[in-house]
Amino acid sequence: MAPKKNDKASIKKDIVQHSVETLCRNPYNLDKLAVYQATAYSVRDRLLEDWNMTQEAIHKENPKRCYYLSMEFLIGRALDNALHCLEVKDVYKESVKDLGFNLEDLLQQERDAALGNGGLGRLAACYMDAAATLDYPTWGYGLRYQYGIFKQLINSDGYQIEMPDYWLDSNGNPWEFPRNDVRYEVQFYGYVATKVNEKGESRMSWEGGDRVQAMAYDVPIPGFDTKGCGNIRLWASKSLKTFDFASFNDGDYDRSVADQKNAENLTSVLYPNDNHLVGKELRLKQEYFFVSASLQDIIHRFKRSNCAWKDFPDKVAVQLNDTHPTLAIPELQRILVDIEGLDWDAAWDIVTRVFAFTNHTVLPEALECWSVPMMEHILPRHMQIVYDINLFFLQKVEKMNSDRGLLNRVSIIEESNPQQVRMAYLAVVGSHTVNGVAALHSDLVKTELFKDFVSYYGPEKFINITNGITPRRWLYQANPDLRDLITETLGGNHWVTHLDDLKGLTKYADDADFQAKWMNIKLKNKVRLASWIKANLDITVDPRSLFDIQVKRIHEYKRQFMNILGVIYRYKNLQLLSAEERKDVTPRVVIFGGKSAPGYYVAKMVIKLINTVAQVVNNDDSIDGLLKVVYIPDYNVSLAEIIVPASDISQHISTAGTEAAGTSNMKFVLNGGLILGTVDGANIEIRDEIGEENIFMFGTLADKVADIRHQQKYHGVEIDPNLQVVLQSIQSGEFGGPETASVFGPLINTLTYGGDYYLISADFEKYLDAQDKVDETYKDTAAWAKKSILCTAGMGFFSSDRATREYADKIWNIKPVNIKEAAV
Ligand code: 6GP
């Protein structure tokens, strides 16, 4: 087939052709949605050429490959990204213009692929972008949820309301290729029997139970400045029986389709919890369905390469994105021993050379445990295998150290009632390498979370790979004016794939002309966000105010509560100032965004408080517009692309030791936004890279947190006096009246009776001081501009290209494929 041509006439012809032939539309009756879709199909055709070439190149070279197993991929929109990667955005803009449409309008028609909750899922998407850009033979595997993360509405009372996100609506999804021919069976329930094989050996066999089918959908992931195109293979569950004729003939119409519905329900919805486990049976089934289908596919591909099992670890690396895919460990062991007939030790040697595990949190409520009776019921053979893995592991530990306490502590089975399988321990025992996602976090992984395992295995097994973000989406695409200025200043766009080049901006940090251009772009981005806020929320904000942003999942540990308490403090202070004093105040717009897990009561109350405060502050004319509070509903990847470039300050204020890394911190700084943050997660490394004079840091250090909690337990919480004033103003009904005030009682109690676990009171004064410093610094525009430029200049390290390379070199042991040469 002749390759697609990228001149305007060909592109227009392709779009019209898709409108008529794919979408069945009359060319004289096209709306934006139809033209978006036709455009998307035409871009997909172009991607497909690269996709095929890449897969062929990998197939020919047959290198070691890496598979990134993740229950979540928070991809966002695809069209704009693909246009940039294929370097056809300008010609497409012209082409759709000729057809009577504006490309930017068309881009807004696309629904986000929101198959993830937050940081973990977005990180997976950034790594797939980098792997494609760097030509690594890496595929992602995930689930094709029909409903992504819920849509968040804020009702008139300020509460979060959840609506289903049926992103695969009747319009179809141009960004996936259904693979009707790639299907596997996945088994659940049943029992374990002993069977004698042809060689007369007796083997365990998993029998009976239910079966569903997994069908593949491939999502192409374009690389930048390469012909390479990566892939995420998502599994959808299908019924093996399409229709039960017996029931149909008996008149039982519901039952005749029930099987199909039940099977398809399995991958219907993403669990909406971030950093929190909800131990539902359906979730466990999703996890097993996912790893079973993925491993069958990986093994199928491996077998085509005619290698022996002993070579499996030289051909295959599997990265477990947190514990969610950990069942892959007992599943591969089961396949090798029960089906392929390897002996236990040989199989276990292979397993432990294939898997590596990334931990993304030390929060106890997020650590996955599954009850043994539930596992026994759904996966009877896997439960036996987990017991055996544990037994052999504990025997080895005992040889080294027979301390009973130690054996209990490292056991994969927790002796609770009922017993639980500790998935993180299973992941550690079954992997060759375990990594944390920022320096401090990886340290805590070694010294706290897995400390007993470190003393058994030695420290080398536990490494750090600091997270990274893709500069393609998060600067090149989201901030076109800054992109152009950087490209012009550095003399080309080499920096997009070599982010360390940004260092070259350092020498312009003091240049007044450059500063003016730089700050003008920031202002333009703030105007863009202000217009969005006006159009969508009918709130007027002045783009010359300081934009102070905190957007991320709502979680107690992230302390949005502290932020809004600080806003109340600011508001009360403003009320006290004279007209003269007000002249000296830096006007602020405080912007929040983020979803709470539907069942997370305290987080939902924080959302309610923010909205209640916003209502009062925004309608109080007496403060001369010096403070505005905005809650942006339904925060998602596409909104982030508008919000991130518009920040002056963003807040990353988790209690020290709780945020594993954070990745939005990197996005903001990359776009010249300063950070107000705690000494936590990747904030620390960002400080080291950009210089401590360019970041506002405050708060209790991680190694002091436990002491303070201990003190509070015995002596109670001493509430900071400024905080006391703020709490009283809430309790007195200043926000929403006395009835609303009582609604906030339980939230306020988390600071007092609950023991202020997240140290809001302990950090409050330092937080306010840091905020004062921000206000002061912002008054000196040149000093601020310099800091902003140095922020961007220092961010080279945080490219997902660097992070992905580290995974490839230190864990996966894979090399890039030469796509052009191998394809000829
Ligand atoms: C998140 C961490 O909370 C965040 O700090 C980190 O940047 C991100 O992972 C990527 O590494 N963790 C999760 O989203 C999660 O659910 C189980 O962890």
# chains A, B, ... in the order shown; residues from 1 in each chain; ligands from 1
>>> residues_near_ligand(ligand="ligand 1", cutoff="9 Å", atoms="only C-alpha atoms and all ligand atoms", output="MDAnalysis selection string")
chainID A and resid 116:124 273:277 321:324 358:363 366:368 436:438 441 466:468 553 658:664 681:682
>>> residues_around(residues="region 765-774 of chain A", least_positions_apart="5", cutoff="7 Å", atoms="only C-alpha atoms", output="list in words")
Gly566, Phe696, Phe698 and Gly699 of chain A
>>> select_by_dssp(residues="region 433-503 of chain A", states="alpha helix (DSSP H)", output="PyMOL selection string")
chain A and resi 439-444+451-457+471+480-490
>>> write_last_selection(atoms="N, CA, C and O atoms", output="tab-separated table (two decimals), in the first residue's frame")
chain	number	residue	atom	x	y	z
A	439	ALA	N	13.51	9.86	45.59
A	439	ALA	CA	14.60	9.47	46.49
A	439	ALA	C	14.11	9.23	47.93
A	439	ALA	O	14.38	8.17	48.52
A	440	LEU	N	13.35	10.18	48.46
A	440	LEU	CA	12.88	10.01	49.84
A	440	LEU	C	11.98	8.78	49.96
A	440	LEU	O	12.11	7.97	50.89
A	441	HIS	N	11.09	8.64	49.01
A	441	HIS	CA	10.16	7.50	49.04
A	441	HIS	C	10.93	6.17	48.97
A	441	HIS	O	10.65	5.25	49.75
A	442	SER	N	11.90	6.09	48.08
A	442	SER	CA	12.66	4.84	47.96
A	442	SER	C	13.42	4.54	49.25
A	442	SER	O	13.62	3.37	49.61
A	443	ASP	N	13.80	5.60	49.93
A	443	ASP	CA	14.45	5.44	51.22
A	443	ASP	C	13.48	4.86	52.25
A	443	ASP	O	13.82	3.93	53.00
A	444	LEU	N	12.27	5.40	52.26
A	444	LEU	CA	11.25	4.90	53.20
A	444	LEU	C	10.87	3.47	52.86
A	444	LEU	O	10.57	2.66	53.75
A	451	LYS	N	11.64	-3.11	55.32
A	451	LYS	CA	12.96	-3.15	55.96
A	451	LYS	C	13.43	-4.57	56.27
A	451	LYS	O	14.60	-4.89	56.11
A	452	ASP	N	12.49	-5.44	56.67
A	452	ASP	CA	12.89	-6.82	56.97
A	452	ASP	C	13.35	-7.55	55.70
A	452	ASP	O	14.21	-8.44	55.76
A	453	PHE	N	12.77	-7.17	54.58
A	453	PHE	CA	13.18	-7.81	53.32
A	453	PHE	C	14.56	-7.33	52.90
A	453	PHE	O	15.32	-8.06	52.29
A	454	VAL	N	14.85	-6.07	53.23
A	454	VAL	CA	16.17	-5.54	52.90
A	454	VAL	C	17.23	-6.29	53.70
A	454	VAL	O	18.28	-6.67	53.18
A	455	SER	N	16.91	-6.61	54.96
A	455	SER	CA	17.93	-7.32	55.74
A	455	SER	C	18.09	-8.75	55.23
A	455	SER	O	19.16	-9.34	55.35
A	456	TYR	N	17.08	-9.32	54.63
A	456	TYR	CA	17.23	-10.67	54.07
A	456	TYR	C	17.91	-10.66	52.69
A	456	TYR	O	18.88	-11.36	52.46
A	457	TYR	N	17.38	-9.84	51.79
A	457	TYR	CA	17.90	-9.85	50.41
A	457	TYR	C	19.16	-9.01	50.22
A	457	TYR	O	19.88	-9.18	49.25
A	471	PRO	N	7.67	15.66	28.24
A	471	PRO	CA	7.68	17.07	27.83
A	471	PRO	C	6.82	17.29	26.58
A	471	PRO	O	6.48	18.43	26.27
A	480	PRO	N	1.97	26.19	23.80
A	480	PRO	CA	2.59	26.46	22.49
A	480	PRO	C	3.46	27.71	22.45
A	480	PRO	O	4.50	27.72	21.79
A	481	ASP	N	3.06	28.76	23.18
A	481	ASP	CA	3.86	29.99	23.12
A	481	ASP	C	5.21	29.80	23.80
A	481	ASP	O	6.24	30.25	23.30
A	482	LEU	N	5.18	29.14	24.93
A	482	LEU	CA	6.45	28.90	25.62
A	482	LEU	C	7.33	27.95	24.80
A	482	LEU	O	8.54	28.14	24.69
A	483	ARG	N	6.69	26.95	24.22
A	483	ARG	CA	7.43	26.04	23.33
A	483	ARG	C	8.15	26.82	22.25
A	483	ARG	O	9.35	26.64	22.01
A	484	ASP	N	7.43	27.73	21.59
A	484	ASP	CA	8.03	28.46	20.48
A	484	ASP	C	9.18	29.37	20.97
A	484	ASP	O	10.21	29.46	20.31
A	485	LEU	N	8.97	29.98	22.12
A	485	LEU	CA	10.03	30.85	22.65
A	485	LEU	C	11.28	30.01	22.97
A	485	LEU	O	12.41	30.40	22.65
A	486	ILE	N	11.06	28.87	23.58
A	486	ILE	CA	12.21	28.02	23.94
A	486	ILE	C	12.91	27.53	22.66
A	486	ILE	O	14.15	27.56	22.55
A	487	THR	N	12.11	27.10	21.70
A	487	THR	CA	12.70	26.58	20.45
A	487	THR	C	13.51	27.66	19.75
A	487	THR	O	14.63	27.42	19.29
A	488	GLU	N	12.95	28.85	19.73
A	488	GLU	CA	13.64	29.97	19.09
A	488	GLU	C	14.93	30.31	19.85
A	488	GLU	O	16.00	30.50	19.26
A	489	THR	N	14.84	30.32	21.17
A	489	THR	CA	15.99	30.70	21.99
A	489	THR	C	17.10	29.65	21.92
A	489	THR	O	18.29	29.99	21.87
A	490	LEU	N	16.71	28.38	21.91
A	490	LEU	CA	17.73	27.33	21.91
A	490	LEU	C	18.13	26.92	20.50
A	490	LEU	O	18.99	26.06	20.32
>>> closest_residue(among="A:Tyr141, A:Leu627, A:Val278, A:Gly745", to="Gln615 (chain A)", atoms="only C-alpha atoms")
A:Leu627
>>> select_by_dssp(residues="region 407-577 of chain A", states="strand (DSSP E or B)", output="ChimeraX atom specification")
/A:413-414,420-422,433-436,462-464,469,546-551
